[in-house]
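Chemist: Just run_7.cif, nothing more (mmCIF, C-alpha atoms):
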data_my_file
loop_
_atom_site.label_atom_id
_atom_site.label_comp_id
_atom_site.auth_asym_id
_atom_site.auth_seq_id
_atom_site.Cartn_x
_atom_site.Cartn_y
_atom_site.Cartn_z
CA SER G 877 63.26 106.87 25.09
CA ASP G 878 59.53 106.83 24.32
CA LEU G 879 59.00 109.89 26.48
CA GLN G 880 61.93 111.70 24.84
CA GLU G 881 60.53 110.90 21.41
CA GLU G 882 57.13 112.24 22.43
CA GLY G 883 58.75 115.33 23.87
CA ARG G 884 60.64 115.89 20.64
CA SER G 885 57.51 115.62 18.54
CA ALA G 886 55.69 117.92 20.96
CA ILE G 887 58.47 120.49 20.71
CA ASN G 888 58.38 120.33 16.92
CA SER G 889 54.67 121.10 16.89
CA PRO G 890 54.20 123.64 19.69
CA MET G 891 50.68 124.49 20.87
CA SER G 892 49.16 121.69 18.78
CA ALA G 893 48.37 118.03 19.25
CA ALA G 894 51.21 115.60 18.62
CA SER G 895 51.08 112.98 15.91
CA VAL G 896 47.83 111.00 15.79
CA ASP G 897 49.93 107.85 15.49
CA VAL G 898 50.81 108.01 19.19
CA HIS G 899 48.43 105.77 21.10
CA PRO G 900 48.04 105.55 24.88
CA GLU G 901 49.48 102.06 25.00
CA ASP G 902 52.68 103.26 23.29
CA THR G 903 53.55 105.88 25.89
CA GLN G 904 54.56 106.25 29.51
CA LEU G 905 52.19 109.20 30.05
CA GLU G 906 48.82 108.48 31.63
CA GLU G 907 45.69 110.25 30.44
CA ASN G 908 45.73 113.90 31.64
CA GLU G 909 49.23 113.39 33.08
CA GLU G 910 51.62 116.31 32.60
CA ARG G 911 55.39 116.27 32.13
CA THR G 912 57.80 119.15 31.77
CA MET G 913 61.20 119.18 30.10
CA ILE G 914 63.69 121.87 29.21
CA ASP G 915 63.66 122.85 25.55
CA PRO G 916 66.84 121.44 23.92
CA THR G 917 67.82 124.91 22.66
CA SER G 918 67.72 126.22 26.27
CA ARG G 919 69.97 123.36 27.38
CA GLU G 920 72.60 124.66 24.96
CA ASP G 921 72.38 128.23 26.26
CA PRO G 922 75.85 129.24 27.59
CA LYS G 923 74.41 130.90 30.73
CA PHE G 924 72.36 127.79 31.55
CA LYS G 925 75.41 125.57 31.05
CA GLU G 926 77.45 127.87 33.28
CA LEU G 927 74.77 127.74 36.02
CA VAL G 928 74.75 123.92 35.95
CA LYS G 929 78.56 123.81 36.05
CA VAL G 930 78.79 126.26 38.98
CA LEU G 931 76.22 124.23 40.95
CA LEU G 932 77.98 120.93 40.16
CA ASP G 933 81.38 122.32 41.21
CA TRP G 934 79.86 123.72 44.41
CA ILE G 935 78.22 120.41 45.41
CA ASN G 936 81.42 118.47 44.70
CA ASP G 937 83.43 121.01 46.67
CA VAL G 938 81.10 120.74 49.70
CA LEU G 939 81.07 116.93 49.56
CA VAL G 940 84.77 116.40 48.83
CA GLU G 941 85.36 114.76 52.23
CA GLU G 942 82.44 112.38 51.63
CA ARG G 943 84.18 111.18 48.45
CA ILE G 944 81.00 111.84 46.50
CA ILE G 945 81.32 113.07 42.93
CA VAL G 946 78.20 114.39 41.23
CA LYS G 947 78.33 114.37 37.45
CA GLN G 948 74.69 114.94 36.46
CA LEU G 949 72.23 116.91 38.57
CA GLU G 950 69.05 115.08 37.60
CA GLU G 951 70.58 111.57 37.69
CA ASP G 952 72.57 111.97 40.90
CA LEU G 953 70.18 113.99 43.09
CA TYR G 954 66.73 112.55 42.46
CA ASP G 955 66.84 109.78 45.12
CA GLY G 956 67.69 112.07 48.06
CA GLN G 957 71.02 110.41 48.92
CA VAL G 958 73.28 113.25 47.75
CA LEU G 959 70.79 115.92 48.88
CA GLN G 960 70.88 114.41 52.37
CA LYS G 961 74.69 114.59 52.53
CA LEU G 962 74.69 118.12 51.09
CA LEU G 963 72.16 119.42 53.64
CA GLU G 964 73.91 117.69 56.54
CA LYS G 965 77.20 119.30 55.56
CA LEU G 966 75.73 122.78 54.96
CA ALA G 967 73.49 122.86 58.04
CA ASP G 968 75.96 120.92 60.22
CA ARG G 969 73.28 118.54 61.47
CA LYS G 970 72.49 114.85 61.08
CA LEU G 971 69.22 113.79 59.45
CA ASP G 972 67.36 110.77 60.78
CA VAL G 973 67.06 108.81 57.54
CA ALA G 974 68.15 105.40 56.23
CA GLU G 975 71.61 105.62 54.65
CA VAL G 976 70.91 103.57 51.51
CA THR G 977 67.49 102.91 50.02
CA GLN G 978 67.03 100.99 46.77
CA SER G 979 63.24 100.76 46.53
CA GLU G 980 61.26 103.62 45.06
CA ILE G 981 59.09 103.85 48.18
CA GLY G 982 62.20 104.04 50.38
CA GLN G 983 63.73 106.70 48.12
CA ARG G 984 60.56 108.80 48.23
CA GLN G 985 60.32 108.54 52.02
CA LYS G 986 63.94 109.60 52.35
CA LEU G 987 63.47 112.46 49.89
CA GLN G 988 60.36 113.58 51.79
CA THR G 989 62.36 113.77 55.05
CA VAL G 990 65.23 115.67 53.39
CA LEU G 991 62.91 118.15 51.69
CA GLU G 992 60.97 118.75 54.91
CA ALA G 993 64.26 119.65 56.60
CA VAL G 994 65.07 122.01 53.69
CA HIS G 995 61.62 123.62 53.96
CA ASP G 996 62.00 124.11 57.71
CA LEU G 997 65.18 126.06 56.99
CA LEU G 998 63.97 128.10 54.04
CA ARG G 999 60.31 128.79 54.74
CA PRO G 1000 60.87 131.23 57.68
CA HIS G 1001 63.04 133.35 55.36
CA GLY G 1002 60.33 133.72 52.73
CA TRP G 1003 61.87 131.52 50.03
CA ALA G 1004 59.46 130.38 47.30
CA LEU G 1005 59.55 126.57 47.35
CA ARG G 1006 59.33 125.66 43.67
CA TRP G 1007 59.86 121.93 43.99
CA ASN G 1008 58.32 118.88 45.69
CA VAL G 1009 58.99 115.16 46.13
CA ASP G 1010 57.37 114.27 42.79
CA SER G 1011 59.35 116.80 40.74
CA ILE G 1012 62.72 115.98 42.34
CA HIS G 1013 62.19 112.20 42.19
CA GLY G 1014 60.89 112.61 38.65
CA LYS G 1015 64.31 114.08 37.72
CA ASN G 1016 62.81 117.47 36.85
CA LEU G 1017 65.97 119.50 36.24
CA VAL G 1018 64.21 122.87 36.64
CA ALA G 1019 62.93 121.90 40.11
CA ILE G 1020 66.35 120.52 41.12
CA ILE G 1021 68.07 123.75 40.04
CA HIS G 1022 65.51 125.89 41.92
CA LEU G 1023 66.26 123.83 45.06
CA LEU G 1024 70.04 124.11 44.68
CA VAL G 1025 69.98 127.86 43.95
CA SER G 1026 67.87 128.44 47.08
CA LEU G 1027 70.25 126.36 49.20
CA ALA G 1028 73.31 128.12 47.77
CA MET G 1029 71.83 131.55 48.49
CA HIS G 1030 70.53 130.60 51.95
CA PHE G 1031 73.90 129.24 53.06
CA GLN G 1032 75.76 132.10 51.32
CA ALA G 1033 77.82 129.69 49.24
CA PRO G 1034 81.15 131.18 48.12
CA ILE G 1035 80.15 130.92 44.46
CA ARG G 1036 79.02 133.36 41.84
CA LEU G 1037 75.82 132.27 40.09
CA PRO G 1038 75.23 133.70 36.62
CA GLU G 1039 72.43 136.28 36.81
CA HIS G 1040 69.19 136.38 34.81
CA VAL G 1041 69.21 132.75 33.64
CA SER G 1042 65.91 131.69 32.10
CA VAL G 1043 64.94 128.55 30.18
CA GLN G 1044 62.10 127.62 27.88
CA VAL G 1045 60.19 124.70 29.40
CA VAL G 1046 58.03 122.41 27.29
CA VAL G 1047 54.91 121.24 29.11
CA VAL G 1048 53.54 118.02 27.57
CA ARG G 1049 50.09 116.78 28.56
CA LYS G 1050 48.16 113.79 27.29
CA ARG G 1051 44.48 114.36 26.48
CA GLU G 1052 42.31 111.75 24.76
CA GLY G 1053 45.36 109.75 23.78
CA LEU G 1054 47.10 112.71 22.12
CA LEU G 1055 50.02 114.75 23.34
CA HIS G 1056 49.53 118.51 23.60
CA SER G 1057 52.39 120.85 24.34
CA SER G 1058 52.97 124.43 25.36
CA HIS G 1059 56.06 126.51 26.07
CA VAL G 1060 56.59 128.55 29.22
CA SER G 1061 59.58 130.64 30.27
CA GLU G 1062 61.06 129.72 33.66
CA GLU G 1063 63.36 132.10 35.53
CA LEU G 1064 66.11 130.21 37.37
CA THR G 1065 68.17 133.13 38.70
CA THR G 1066 67.61 136.88 39.05
CA THR G 1067 70.31 139.19 40.43
CA THR G 1068 72.56 138.16 43.30
CA GLU G 1069 71.16 140.98 45.47
CA MET G 1070 67.55 139.92 44.92
CA MET G 1071 68.31 136.24 45.47
CA MET G 1072 70.19 137.08 48.68
CA GLY G 1073 67.25 139.17 49.84
CA ARG G 1074 69.08 142.48 49.45
CA PHE G 1075 66.38 144.19 47.44
CA GLU G 1076 67.50 147.78 47.75
CA ARG G 1077 68.83 148.84 44.36
CA ASP G 1078 71.55 151.41 44.09
CA ALA G 1079 73.27 153.50 41.43
CA PHE G 1080 75.39 150.57 40.30
CA ASP G 1081 72.33 148.42 39.53
CA THR G 1082 71.02 151.24 37.36
CA LEU G 1083 74.42 151.74 35.77
CA PHE G 1084 74.78 148.08 34.82
CA ASP G 1085 71.18 147.74 33.61
CA HIS G 1086 70.64 151.01 31.76
CA ALA G 1087 73.89 152.87 31.17
CA PRO G 1088 76.74 150.48 30.38
CA ASP G 1089 78.43 153.26 28.38
CA LYS G 1090 78.78 155.35 31.55
CA LEU G 1091 80.32 152.36 33.31
CA THR G 1092 83.60 152.98 31.46
CA VAL G 1093 83.74 156.54 32.78
CA VAL G 1094 83.16 155.37 36.36
CA LYS G 1095 85.84 152.67 36.03
CA LYS G 1096 88.36 155.21 34.68
CA SER G 1097 87.67 157.58 37.59
CA LEU G 1098 88.14 154.78 40.12
CA ILE G 1099 91.34 153.55 38.45
CA THR G 1100 92.75 157.10 38.56
CA PHE G 1101 91.78 157.38 42.24
CA VAL G 1102 93.34 154.07 43.37
CA ASN G 1103 96.51 154.56 41.30
CA LYS G 1104 97.06 158.02 42.80
CA HIS G 1105 97.64 156.22 46.10
CA LEU G 1106 99.01 152.82 45.06
CA ASN G 1107 101.66 154.52 42.91
CA LYS G 1108 103.33 155.54 46.19
CA LEU G 1109 104.19 151.83 46.59
CA ASN G 1110 105.11 151.53 42.91
CA LEU G 1111 101.91 149.57 42.25
CA GLU G 1112 99.63 150.13 39.27
CA VAL G 1113 96.05 149.00 38.60
CA THR G 1114 94.78 148.53 35.06
CA GLU G 1115 91.99 145.96 35.62
CA LEU G 1116 89.50 146.62 38.43
CA GLU G 1117 87.78 143.26 37.82
CA THR G 1118 90.80 141.13 38.66
CA GLN G 1119 93.46 143.09 40.53
CA PHE G 1120 91.42 143.59 43.72
CA ALA G 1121 90.13 140.01 43.82
CA ASP G 1122 92.84 138.69 46.16
CA GLY G 1123 92.37 141.54 48.65
CA VAL G 1124 96.06 142.56 48.76
CA TYR G 1125 95.62 145.89 46.99
CA LEU G 1126 92.51 146.63 49.09
CA VAL G 1127 94.44 146.15 52.34
CA LEU G 1128 97.39 148.22 51.13
CA LEU G 1129 95.03 150.92 49.83
CA MET G 1130 93.36 151.24 53.23
CA GLY G 1131 96.75 151.67 54.88
CA LEU G 1132 97.66 154.42 52.41
CA LEU G 1133 94.32 156.23 52.76
CA GLU G 1134 94.34 156.11 56.55
CA ASP G 1135 98.11 156.75 56.71
CA TYR G 1136 99.29 153.69 58.62
CA PHE G 1137 101.41 150.60 57.94
CA VAL G 1138 99.48 147.33 57.88
CA PRO G 1139 101.58 144.61 59.60
CA LEU G 1140 102.29 141.86 57.07
CA HIS G 1141 101.29 139.10 59.50
CA ASN G 1142 97.70 140.41 59.41
CA PHE G 1143 97.09 139.32 55.81
CA TYR G 1144 98.46 137.12 53.03
CA LEU G 1145 100.77 139.11 50.75
CA THR G 1146 100.74 136.31 48.14
CA PRO G 1147 97.46 134.47 48.75
CA GLU G 1148 97.16 131.13 46.99
CA SER G 1149 93.86 129.63 48.08
CA PHE G 1150 90.31 130.95 47.84
CA ASP G 1151 90.07 131.09 51.65
CA GLN G 1152 93.24 133.20 51.93
CA LYS G 1153 91.84 135.69 49.41
CA VAL G 1154 88.53 135.86 51.30
CA HIS G 1155 90.49 136.46 54.52
CA ASN G 1156 92.29 139.40 52.88
CA VAL G 1157 89.12 141.04 51.55
CA ALA G 1158 87.29 140.49 54.87
CA PHE G 1159 90.27 142.06 56.69
CA ALA G 1160 90.17 145.06 54.33
CA PHE G 1161 86.43 145.39 55.14
CA GLU G 1162 87.32 145.49 58.87
CA LEU G 1163 89.82 148.28 58.21
CA MET G 1164 87.08 150.18 56.35
CA LEU G 1165 84.73 149.86 59.34
CA ASP G 1166 87.54 151.06 61.62
CA GLY G 1167 87.92 154.06 59.31
CA GLY G 1168 84.29 155.02 59.83
CA LEU G 1169 82.88 153.63 56.59
CA LYS G 1170 79.61 151.72 56.49
CA LYS G 1171 79.73 147.93 56.17
CA PRO G 1172 80.18 147.15 52.45
CA LYS G 1173 77.07 145.87 50.71
CA ALA G 1174 79.16 143.23 48.93
CA ARG G 1175 80.40 140.01 50.49
CA PRO G 1176 84.15 139.24 50.48
CA GLU G 1177 83.35 136.13 48.42
CA ASP G 1178 81.71 138.31 45.73
CA VAL G 1179 84.90 140.35 45.30
CA VAL G 1180 87.09 137.23 45.21
CA ASN G 1181 84.76 135.71 42.60
CA LEU G 1182 85.50 138.68 40.29
CA ASP G 1183 82.02 140.19 40.61
CA LEU G 1184 82.66 143.60 39.06
CA LYS G 1185 79.57 145.26 40.55
CA SER G 1186 80.64 144.27 44.08
CA THR G 1187 84.22 145.47 43.53
CA LEU G 1188 83.01 148.81 42.14
CA ARG G 1189 80.71 149.32 45.14
CA VAL G 1190 83.60 148.79 47.56
CA LEU G 1191 85.95 151.12 45.67
CA TYR G 1192 83.27 153.78 45.18
CA ASN G 1193 82.70 153.83 48.95
CA LEU G 1194 86.41 154.56 49.39
CA PHE G 1195 86.34 157.14 46.60
CA THR G 1196 83.46 159.14 48.16
CA LYS G 1197 85.22 159.35 51.52
CA TYR G 1198 88.86 159.73 50.48
CA LYS G 1199 88.72 161.51 47.09
CA ASN G 1200 90.34 164.64 48.56
CA VAL G 1201 93.09 162.76 50.39
CA GLU G 1202 96.49 163.51 48.86
#
For the file at hand, write its structure as structure tokens.

Modeler:
Amino acid sequence: SDLQEEGRSAINSPMSAASVDVHPEDTQLEENEERTMIDPTSREDPKFKELVKVLLDWINDVLVEERIIVKQLEEDLYDGQVLQKLLEKLADRKLDVAEVTQSEIGQRQKLQTVLEAVHDLLRPHGWALRWNVDSIHGKNLVAIIHLLVSLAMHFQAPIRLPEHVSVQVVVVRKREGLLHSSHVSEELTTTTEMMMGRFERDAFDTLFDHAPDKLTVVKKSLITFVNKHLNKLNLEVTELETQFADGVYLVLLMGLLEDYFVPLHNFYLTPESFDQKVHNVAFAFELMLDGGLKKPKARPEDVVNLDLKSTLRVLYNLFTKYKNVE
């Protein structure tokens, strides 16, 4: 509570010394020690809250068989126990660490082993490692989120992280018994393509970033194109974002464009689970490859997760090849 109070006073007087009444003996900060915390206003940002929720849901989904429920990232992940289980599940390997450690030294040793295993996985792929044992064990939420985002991207988690999430971080340092603070902006996510290492931008990146007004025109053209064919089956599309997410219309569309009947046992006509929808979209992608199209830039999971940019890319590929098909 002392540290929170100091942080609050530091936030209220940015770039200046905190109250002179704060003496070294009243605080948990050592001389020249530095602490960082997320600005309270950033914590309330809807995109930040969404990012935390998506990560929490993902961890709980991965660890459902372990009967582990994570409720707070910084409180539940700092000691390495949950991180160990998460990495073992994702990487399908067992880590040589003690199962339960109560002492701080034991926790740090365990965390060190887990993070070394993470680094061995990520470092060869050029990931920036923006965390360490001290920051994770110190419950630094920014560091914990950086770690989780990197793991989610590396293991191609079937989730959709909100893009361009940044937070204001308050850096509090004690000098000569006084607290000094500064604010820095910390970027937690960029675009899905950049985080996945797919750096080549295309027309849709430009469209979303610089010409959202033209997006409507593109969507209308694509809706006209898909309906021209789906109408033959008495099907109608009005929402590109949602109606292709289960893969059914994509599969049927490929059959219509290539002029063949797709056997119903090859896909789920009324998919109920996430996995069934991913199966459908992945199957549609296979049909596209068979038809001579390039492998779609999007992942099936992106389409199922209602990522509009990914869905548009897939449909535009079909449009460019089949626009003259009657």

Chemist: Rank G:Val940, G:Leu963, G:Leu1184, G:Val1041 by their smallest atom-to-atom distance to Pro922 in chain G, using only C-alpha atoms, and report the top residue only.

Modeler: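 Checking each of G:Val940, G:Leu963, G:Leu1184, G:Val1041 against Pro922 in chain G, counting only C-alpha atoms, the winner is G:Val1041.
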
Chemist: Expand the PyMOL selection byres ((chain G and resi 1127) around 9) into the individual residues it matches in the shown file, reporting them as a tab-separated table (two decimals) with C-alpha atoms, in the coordinates of the input.

Modeler:
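Printed below is result.tsv as written:
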chain	number	residue	atom	x	y	z
G	1123	GLY	CA	92.37	141.54	48.65
G	1124	VAL	CA	96.06	142.56	48.76
G	1125	TYR	CA	95.62	145.89	46.99
G	1126	LEU	CA	92.51	146.63	49.09
G	1128	LEU	CA	97.39	148.22	51.13
G	1129	LEU	CA	95.03	150.92	49.83
G	1130	MET	CA	93.36	151.24	53.23
G	1131	GLY	CA	96.75	151.67	54.88
G	1132	LEU	CA	97.66	154.42	52.41
G	1138	VAL	CA	99.48	147.33	57.88
G	1143	PHE	CA	97.09	139.32	55.81
G	1156	ASN	CA	92.29	139.40	52.88
G	1157	VAL	CA	89.12	141.04	51.55
G	1159	PHE	CA	90.27	142.06	56.69
G	1160	ALA	CA	90.17	145.06	54.33
G	1161	PHE	CA	86.43	145.39	55.14
G	1163	LEU	CA	89.82	148.28	58.21

Chemist: Mind checking which residues fall within 9 Å of Gly956 in chain G, counting all atoms listed in the file, ignoring those fewer than 3 positions away in the same chain, and posting them as a PyMOL selection string?

Modeler: chain G and resi 952-953+959-961+983-984+986-991+1012-1013

Chemist: When you look at Lys1199 in chain G with a cut-off of 8 Å (counting all atoms listed in the file), what residues show up, excluding the ones that are within fewer than 4 positions of it in the same chain? I need them as a list of chain:residue names.

Modeler: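 That gives G:Phe1101, G:Leu1194, G:Phe1195.
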
Chemist: Please determine, counting all atoms listed in the file, which residue among G:Val938, G:Ile1099, G:Val1046, G:Leu1165 has the shortest atom-to-atom distance to Ala1033 in chain G.

Modeler: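 Closest candidate: G:Val938.
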
Chemist: Between G:Leu1054, G:Met1164, G:Val1190, G:Leu931, which one has atoms that come closest to Arg1036 in chain G, using all atoms listed in the file?

Modeler: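 Closest to Arg1036 in chain G, using all atoms listed in the file: G:Leu931.
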
Chemist: With all atoms listed in the file as the counted atoms, please give the residues lying no more than 10 Å from Lys1197 in chain G, apart from itself and same-chain residues fewer than 5 positions off, as a PyMOL selection string.

Modeler: chain G and resi 1133+1167-1169+1192

Chemist: Would you write out, as a list in words, every residue that the PyMOL selection byres ((chain G and resi 1042) around 9) captures in this file?

Modeler: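 Applied to this file, the PyMOL selection byres ((chain G and resi 1042) around 9) selects Ser918, Lys923, Phe924, His1040, Val1041, Val1043, Gln1044, Ser1061, Glu1062, Glu1063, Leu1064, Thr1065 and Thr1066 of chain G.
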
Chemist: Hey, can you check how far CA of Leu1091 in chain G sits from CA of Pro1147 in chain G?

Modeler: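 Separation of CA of Leu1091 in chain G and CA of Pro1147 in chain G: 29.2 Å.
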
Chemist: Tell me which residues the PyMOL selection byres ((chain G and resi 994) around 12) grabs here, as a tab-separated table (two decimals) with C-alpha atoms, in the frame of the given file.

Modeler:
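Listing of selection12.tsv after writing:
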chain	number	residue	atom	x	y	z
G	956	GLY	CA	67.69	112.07	48.06
G	959	LEU	CA	70.79	115.92	48.88
G	960	GLN	CA	70.88	114.41	52.37
G	962	LEU	CA	74.69	118.12	51.09
G	963	LEU	CA	72.16	119.42	53.64
G	964	GLU	CA	73.91	117.69	56.54
G	966	LEU	CA	75.73	122.78	54.96
G	967	ALA	CA	73.49	122.86	58.04
G	969	ARG	CA	73.28	118.54	61.47
G	971	LEU	CA	69.22	113.79	59.45
G	987	LEU	CA	63.47	112.46	49.89
G	988	GLN	CA	60.36	113.58	51.79
G	989	THR	CA	62.36	113.77	55.05
G	990	VAL	CA	65.23	115.67	53.39
G	991	LEU	CA	62.91	118.15	51.69
G	992	GLU	CA	60.97	118.75	54.91
G	993	ALA	CA	64.26	119.65	56.60
G	995	HIS	CA	61.62	123.62	53.96
G	996	ASP	CA	62.00	124.11	57.71
G	997	LEU	CA	65.18	126.06	56.99
G	998	LEU	CA	63.97	128.10	54.04
G	999	ARG	CA	60.31	128.79	54.74
G	1000	PRO	CA	60.87	131.23	57.68
G	1001	HIS	CA	63.04	133.35	55.36
G	1003	TRP	CA	61.87	131.52	50.03
G	1004	ALA	CA	59.46	130.38	47.30
G	1005	LEU	CA	59.55	126.57	47.35
G	1007	TRP	CA	59.86	121.93	43.99
G	1008	ASN	CA	58.32	118.88	45.69
G	1009	VAL	CA	58.99	115.16	46.13
G	1023	LEU	CA	66.26	123.83	45.06
G	1024	LEU	CA	70.04	124.11	44.68
G	1026	SER	CA	67.87	128.44	47.08
G	1027	LEU	CA	70.25	126.36	49.20
G	1028	ALA	CA	73.31	128.12	47.77
G	1030	HIS	CA	70.53	130.60	51.95
G	1031	PHE	CA	73.90	129.24	53.06

Chemist: Expressed in Å to a single decimal, how great is the separation between CA of Val1093 in chain G and CA of Ala1158 in chain G?

Modeler: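 Computed distance, CA of Val1093 in chain G to CA of Ala1158 in chain G, equals 27.5 Å.
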
Chemist: Could you check which of G:Glu942, G:Asp1135, G:Ala974, G:Leu1182 is closest to Lys1108 in chain G, using all atoms listed in the file?

Modeler: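 That would be G:Asp1135, the residue with the smallest distance to Lys1108 in chain G.
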
Chemist: Would you mind reading off the distance between CA of Arg1051 in chain G and CA of Glu909 in chain G, one decimal, in Å?

Modeler: 8.2 Å

Chemist: Please determine, counting only C-alpha atoms, which residue among G:Asp933, G:Asp1183, G:Glu1202, G:Glu926 has the shortest atom-to-atom distance to Leu1116 in chain G.

Modeler: G:Asp1183
